[in-house]
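Dumped input-v7.tsv below, it's TSV, C-alpha atoms:
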chain	number	residue	atom	x	y	z
I	4	PHE	CA	75.98	71.79	24.09
I	5	CYS	CA	75.00	75.33	23.06
I	6	TYR	CA	73.58	74.35	19.67
I	7	ILE	CA	71.67	71.47	21.29
I	8	GLY	CA	70.29	73.80	23.96
I	9	LYS	CA	69.27	76.30	21.29
I	10	ARG	CA	67.41	73.69	19.28
I	11	ASN	CA	65.62	72.18	22.29
I	12	PHE	CA	64.59	75.64	23.43
I	13	GLU	CA	63.27	76.46	19.96
I	14	THR	CA	61.27	73.23	19.89
I	15	ALA	CA	59.68	74.07	23.24
I	16	LEU	CA	59.04	77.67	22.19
I	17	ALA	CA	57.30	76.57	18.97
I	18	GLN	CA	54.78	74.64	21.10
I	19	PHE	CA	54.35	77.40	23.69
I	20	PRO	CA	50.90	79.06	23.44
I	21	HIS	CA	52.25	82.52	24.32
I	22	LYS	CA	55.32	82.43	22.06
I	23	ASP	CA	54.30	85.71	20.42
I	24	LYS	CA	54.97	87.45	23.75
I	25	ILE	CA	58.50	86.07	24.13
I	26	GLU	CA	61.45	88.24	23.09
I	27	ILE	CA	64.83	86.52	22.68
I	28	LEU	CA	68.06	88.46	23.18
I	29	TRP	CA	71.39	86.81	22.41
I	30	ARG	CA	74.27	87.65	24.74
I	31	SER	CA	77.99	87.01	24.36
I	32	PHE	CA	80.00	84.60	26.50
I	33	GLN	CA	83.39	82.99	25.86
I	34	ILE	CA	84.40	79.78	27.60
I	35	MET	CA	87.94	79.99	26.20
I	36	PRO	CA	88.64	83.64	25.33
I	37	HIS	CA	92.32	82.92	24.62
I	38	ALA	CA	91.73	80.01	22.22
I	39	LYS	CA	93.51	80.18	18.87
I	40	HIS	CA	93.10	78.23	15.68
I	41	LYS	CA	95.95	75.80	15.02
I	42	PRO	CA	95.94	74.42	11.47
I	43	GLY	CA	95.78	70.65	11.36
I	44	MET	CA	94.96	70.17	15.05
I	45	ASP	CA	92.74	67.15	15.64
I	46	ASN	CA	89.57	67.93	17.61
I	47	ASN	CA	89.99	64.99	19.97
I	48	GLN	CA	93.57	66.02	20.71
I	49	ALA	CA	92.58	69.65	21.24
I	50	LEU	CA	89.78	68.70	23.61
I	51	ALA	CA	92.08	66.33	25.50
I	52	GLU	CA	94.65	69.09	25.99
I	53	HIS	CA	91.97	71.51	27.16
I	54	LEU	CA	90.46	69.09	29.68
I	55	GLY	CA	93.69	67.41	30.71
I	56	THR	CA	92.52	64.00	29.61
I	57	THR	CA	93.46	61.49	26.89
I	58	PRO	CA	92.47	61.67	23.21
I	59	ALA	CA	90.57	58.40	23.64
I	60	GLN	CA	88.48	59.86	26.47
I	61	ALA	CA	87.94	63.04	24.47
I	62	LYS	CA	86.75	60.95	21.53
I	63	MET	CA	84.16	59.29	23.76
I	64	MET	CA	82.95	62.72	24.90
I	65	ASN	CA	82.62	63.87	21.31
I	66	GLU	CA	80.68	60.75	20.40
I	67	HIS	CA	78.36	61.34	23.35
I	68	VAL	CA	77.61	64.94	22.36
I	69	THR	CA	77.12	63.85	18.73
I	70	ALA	CA	74.46	61.39	19.88
I	71	MET	CA	72.78	64.11	21.95
I	72	ALA	CA	72.80	66.42	18.95
I	73	LYS	CA	71.15	63.76	16.79
I	74	GLY	CA	68.39	63.48	19.37
I	75	ALA	CA	67.78	67.21	18.93
I	76	GLY	CA	67.64	66.85	15.14
I	77	LEU	CA	71.17	68.17	14.53
I	78	THR	CA	74.10	66.67	12.66
I	79	TYR	CA	77.45	67.06	14.40
I	80	ASN	CA	80.63	66.24	12.49
I	81	MET	CA	83.12	66.44	15.34
I	82	ASP	CA	85.87	64.93	13.23
I	83	LYS	CA	85.75	68.09	11.09
I	84	LEU	CA	85.33	70.61	13.90
I	85	VAL	CA	87.87	73.45	13.81
I	86	TRP	CA	88.97	74.93	17.13
I	87	ALA	CA	88.91	78.71	16.89
I	88	ASN	CA	88.73	81.97	18.78
I	89	THR	CA	85.16	83.29	18.80
I	90	LEU	CA	85.63	87.00	19.56
I	91	ASP	CA	85.07	88.19	15.97
I	92	ALA	CA	82.06	85.90	15.64
I	93	HIS	CA	80.58	87.39	18.82
I	94	ARG	CA	81.24	90.90	17.55
I	95	LEU	CA	79.34	90.09	14.36
I	96	ILE	CA	76.44	88.69	16.38
I	97	GLN	CA	76.35	91.97	18.30
I	98	TYR	CA	76.17	93.85	15.00
I	99	ALA	CA	73.55	91.46	13.62
I	100	SER	CA	71.50	92.02	16.77
I	101	SER	CA	71.45	95.76	16.07
I	102	ILE	CA	69.61	95.10	12.78
I	103	GLY	CA	67.41	92.24	13.92
I	104	LEU	CA	69.40	89.32	12.48
I	105	ALA	CA	71.06	87.90	15.59
I	106	ASP	CA	69.14	84.63	15.56
I	107	GLN	CA	69.97	83.95	11.91
I	108	MET	CA	73.63	84.73	12.57
I	109	GLU	CA	73.73	82.46	15.63
I	110	GLU	CA	72.15	79.57	13.74
I	111	ARG	CA	74.53	79.84	10.79
I	112	LEU	CA	77.60	80.09	13.04
I	113	PHE	CA	76.58	76.99	14.99
I	114	GLN	CA	76.07	75.16	11.71
I	115	ALA	CA	79.44	76.34	10.46
I	116	HIS	CA	81.25	75.19	13.60
I	117	PHE	CA	79.56	71.92	14.52
I	118	THR	CA	78.29	70.62	11.17
I	119	ASN	CA	80.34	72.09	8.35
I	120	GLY	CA	83.79	72.21	9.94
I	121	GLU	CA	84.32	75.87	8.99
I	122	ASN	CA	86.88	78.04	10.72
I	123	ILE	CA	84.85	80.74	12.46
I	124	GLU	CA	88.03	82.58	13.46
I	125	ASP	CA	88.82	83.23	9.79
I	126	GLN	CA	87.51	86.64	8.75
I	127	ALA	CA	86.88	85.62	5.13
I	128	THR	CA	84.70	82.79	6.42
I	129	LEU	CA	82.87	85.14	8.77
I	130	LEU	CA	82.25	87.59	5.92
I	131	LYS	CA	80.80	84.79	3.78
I	132	ILE	CA	78.52	83.66	6.61
I	133	ALA	CA	77.39	87.22	7.31
I	134	LEU	CA	76.44	87.78	3.68
I	135	GLN	CA	74.53	84.49	3.63
I	136	VAL	CA	72.28	85.62	6.48
I	137	GLY	CA	71.58	89.01	4.90
I	138	LEU	CA	74.13	91.38	6.41
I	139	GLU	CA	75.65	94.02	4.12
I	140	GLU	CA	79.29	93.64	3.13
I	141	GLY	CA	80.41	97.21	3.91
I	142	PRO	CA	79.32	97.31	7.57
I	143	VAL	CA	80.53	93.74	8.14
I	144	ARG	CA	84.00	94.56	6.84
I	145	LYS	CA	84.04	97.67	9.02
I	146	VAL	CA	83.30	95.56	12.10
I	147	LEU	CA	85.89	92.92	11.23
I	148	GLU	CA	88.61	95.46	10.44
I	149	SER	CA	88.13	97.36	13.71
I	150	ASP	CA	87.44	96.65	17.37
I	151	GLN	CA	83.79	97.59	16.98
I	152	TYR	CA	81.47	95.78	19.45
I	153	THR	CA	84.42	94.42	21.45
I	154	ALA	CA	83.32	96.45	24.45
I	155	GLU	CA	79.76	95.13	24.11
I	156	VAL	CA	81.04	91.56	24.13
I	157	GLY	CA	83.02	92.29	27.29
I	158	LYS	CA	80.02	93.90	28.99
I	159	ASP	CA	77.85	90.87	28.24
I	160	ILE	CA	80.44	88.52	29.70
I	161	SER	CA	80.83	90.63	32.85
I	162	ALA	CA	77.06	90.90	33.28
I	163	ALA	CA	76.68	87.13	32.92
I	164	GLN	CA	79.41	86.47	35.47
I	165	ASN	CA	77.74	88.88	37.90
I	166	LEU	CA	74.55	86.83	37.52
I	167	GLY	CA	76.47	83.69	38.40
I	168	VAL	CA	76.86	82.30	34.88
I	169	ARG	CA	79.95	80.12	34.69
I	170	GLY	CA	79.16	77.94	31.68
I	171	VAL	CA	77.08	77.66	28.54
I	172	PRO	CA	74.40	77.33	27.44
I	173	SER	CA	72.68	79.52	30.01
I	174	PHE	CA	69.22	81.02	29.83
I	175	ILE	CA	68.26	84.10	31.83
I	176	ILE	CA	64.55	84.83	32.14
I	177	ASN	CA	63.45	88.43	32.74
I	178	ARG	CA	66.94	89.10	34.10
I	179	LYS	CA	66.02	87.08	37.19
I	180	ALA	CA	65.82	83.31	36.94
I	181	SER	CA	68.82	81.57	35.40
I	182	PHE	CA	68.99	78.08	33.93
I	183	SER	CA	72.07	76.31	32.61
I	184	GLY	CA	72.60	73.34	30.36
I	185	ALA	CA	71.18	71.78	27.21
I	186	MET	CA	67.96	70.76	28.93
I	187	PRO	CA	65.37	68.44	27.37
I	188	VAL	CA	62.41	70.00	25.55
I	189	THR	CA	60.09	69.14	28.45
I	190	ASP	CA	62.26	71.09	30.88
I	191	PHE	CA	62.30	74.11	28.59
I	192	THR	CA	58.52	73.89	28.31
I	193	HIS	CA	58.18	73.93	32.10
I	194	MET	CA	60.66	76.80	32.34
I	195	LEU	CA	58.72	78.89	29.83
I	196	SER	CA	55.37	78.17	31.48
I	197	SER	CA	56.64	79.01	34.96
I	198	ALA	CA	58.42	82.18	33.88
I	199	PHE	CA	55.42	83.39	31.90
I	200	ALA	CA	53.05	82.75	34.81
I	201	ASN	CA	55.32	84.76	37.12
I	202	TRP	CA	55.54	87.55	34.56
I	203	GLN	CA	51.75	87.65	34.24
I	204	LYS	CA	51.40	88.03	38.00
I	205	GLU	CA	53.88	90.90	38.07
I	206	TYR	CA	52.33	92.53	35.01
I	207	SER	CA	48.83	92.31	36.50
I	208	ALA	CA	50.10	93.80	39.74
I	209	ASP	CA	51.70	96.67	37.84
I	210	GLU	CA	48.53	97.31	35.84
I	211	ASN	CA	46.28	97.19	38.93
I	212	PRO	CA	48.29	98.48	41.86
I	213	ALA	CA	46.84	97.88	45.29
I	214	GLY	CA	46.16	101.01	47.31
I	215	VAL	CA	43.65	102.94	49.34
I	216	VAL	CA	40.23	103.21	47.67
I	217	CYS	CA	37.73	105.84	48.77
I	218	SER	CA	34.04	105.93	47.93
I	219	PRO	CA	32.06	109.14	47.19
I	220	LYS	CA	30.81	108.93	50.80
I	221	GLY	CA	34.34	109.19	52.13
I	222	GLU	CA	34.60	105.57	53.14
I	223	CYS	CA	38.19	104.45	52.52
I	224	GLN	CA	39.75	100.99	52.61

Encoded form using structure tokens:
Amino acid sequence: FCYIGKRNFETALAQFPHKDKIEILWRSFQIMPHAKHKPGMDNNQALAEHLGTTPAQAKMMNEHVTAMAKGAGLTYNMDKLVWANTLDAHRLIQYASSIGLADQMEERLFQAHFTNGENIEDQATLLKIALQVGLEEGPVRKVLESDQYTAEVGKDISAAQNLGVRGVPSFIINRKASFSGAMPVTDFTHMLSSAFANWQKEYSADENPAGVVCSPKGECQ
């Protein structure tokens, strides 16, 4: 649901009249931090094992999310999806964020996972993706061959859990309001409008603080 939530949010943001005042920061979160890629594992079987259900029920879930994705303008190929650990991918997003390419990296990784059936645990695949979005090979290899940005990933996850985040996608506005789920575009539009209105009130209050005002005649109020 993360890719669907991302696309619906982007659709709402594109229509938002104050979009130039919105800054988007990507944060890390892992639903299954101990997941490992198993060559040849069927997606329906893997999902069934994870949820404790049957492959048939898992298949129905995958078909449902594929239909939702289509409604958001996305193509999901769940039959090709490769289960994988996402730590290295998150570390690369952290690096991409440091040079202003986090959104491009996120988009390409979602495409790789849900549409192309690429293994985003494989470091050669991650290197290819990173180069495609404009990252330089040397720094990317340095990240992949070390534990660089691992601590940052952990901090993001801890911070999210402290804010009550237990699932994805989640959207945190001004580090206060939190919304979860792949909401419809209309809900994202309302969320943006409400959050921006609240921000304007706070900003105006900060710019024009209320206090005692005294006139030249010494009259204060």

**OP:** Considering only C-alpha atoms, state which residue in the set I:Leu112, I:Leu90, I:Met71, I:Met186 is at the smallest distance from I:Val146.
**Re:** I:Leu90

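Distances here use only C-alpha atoms; by that measure, the residue among I:Asn46, I:Gly167, I:Ala15, I:Ala115 closest to I:Pro58 is I:Asn46.
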
**OP:** Determine, counting only C-alpha atoms, which protein, DNA and RNA residues have an atom within 10 Å of an atom of I:Ala127; residues of the same chain fewer than 5 positions away are not included. Present the result as a list in words.
**Re:** Asn122, Ile132, Ala133, Arg144 and Leu147 of chain I

Closest atom pairs, residues of stretch 65-112 of chain I within 12 Å of stretch 35-39 of chain I, all atoms listed in the file, as CSV:
residue,atom,partner,partner_atom,distance
I:Val85,CA,I:Lys39,CA,10.1
I:Trp86,CA,I:Lys39,CA,7.2
I:Ala87,CA,I:Lys39,CA,5.2
I:Asn88,CA,I:Ala38,CA,5.0
I:Thr89,CA,I:Pro36,CA,7.4
I:Leu90,CA,I:Pro36,CA,7.3
I:Asp91,CA,I:Pro36,CA,11.0
I:Ala92,CA,I:Pro36,CA,11.9
I:His93,CA,I:Pro36,CA,11.0

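Neighbours of I:Lys22 closer than or equal to 12 Å, with only C-alpha atoms counted and sequence neighbours fewer than 4 positions away skipped, come out as Phe12, Glu13, Thr14, Ala15, Leu16, Ala17, Gln18, Glu26, Ile27, Thr192, Leu195, Ser196 and Phe199 of chain I.
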
Subject >> Interatomic distance, atom CA of I:Gln126 to atom CA of I:Leu104 (Å, one decimal) >> reply: 18.7 Å

Original post:
Which is closer to I:Thr189 than all the others in I:Asn11, I:Tyr6, I:Ser173, I:Ala70, using all atoms listed in the file?
Top reply: I:Asn11

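Minimum atom-to-atom distances from I:Phe19, I:Phe4, I:Phe191, I:Phe117 to I:Thr78 were compared using only C-alpha atoms, and the lowest value belongs to I:Phe117.
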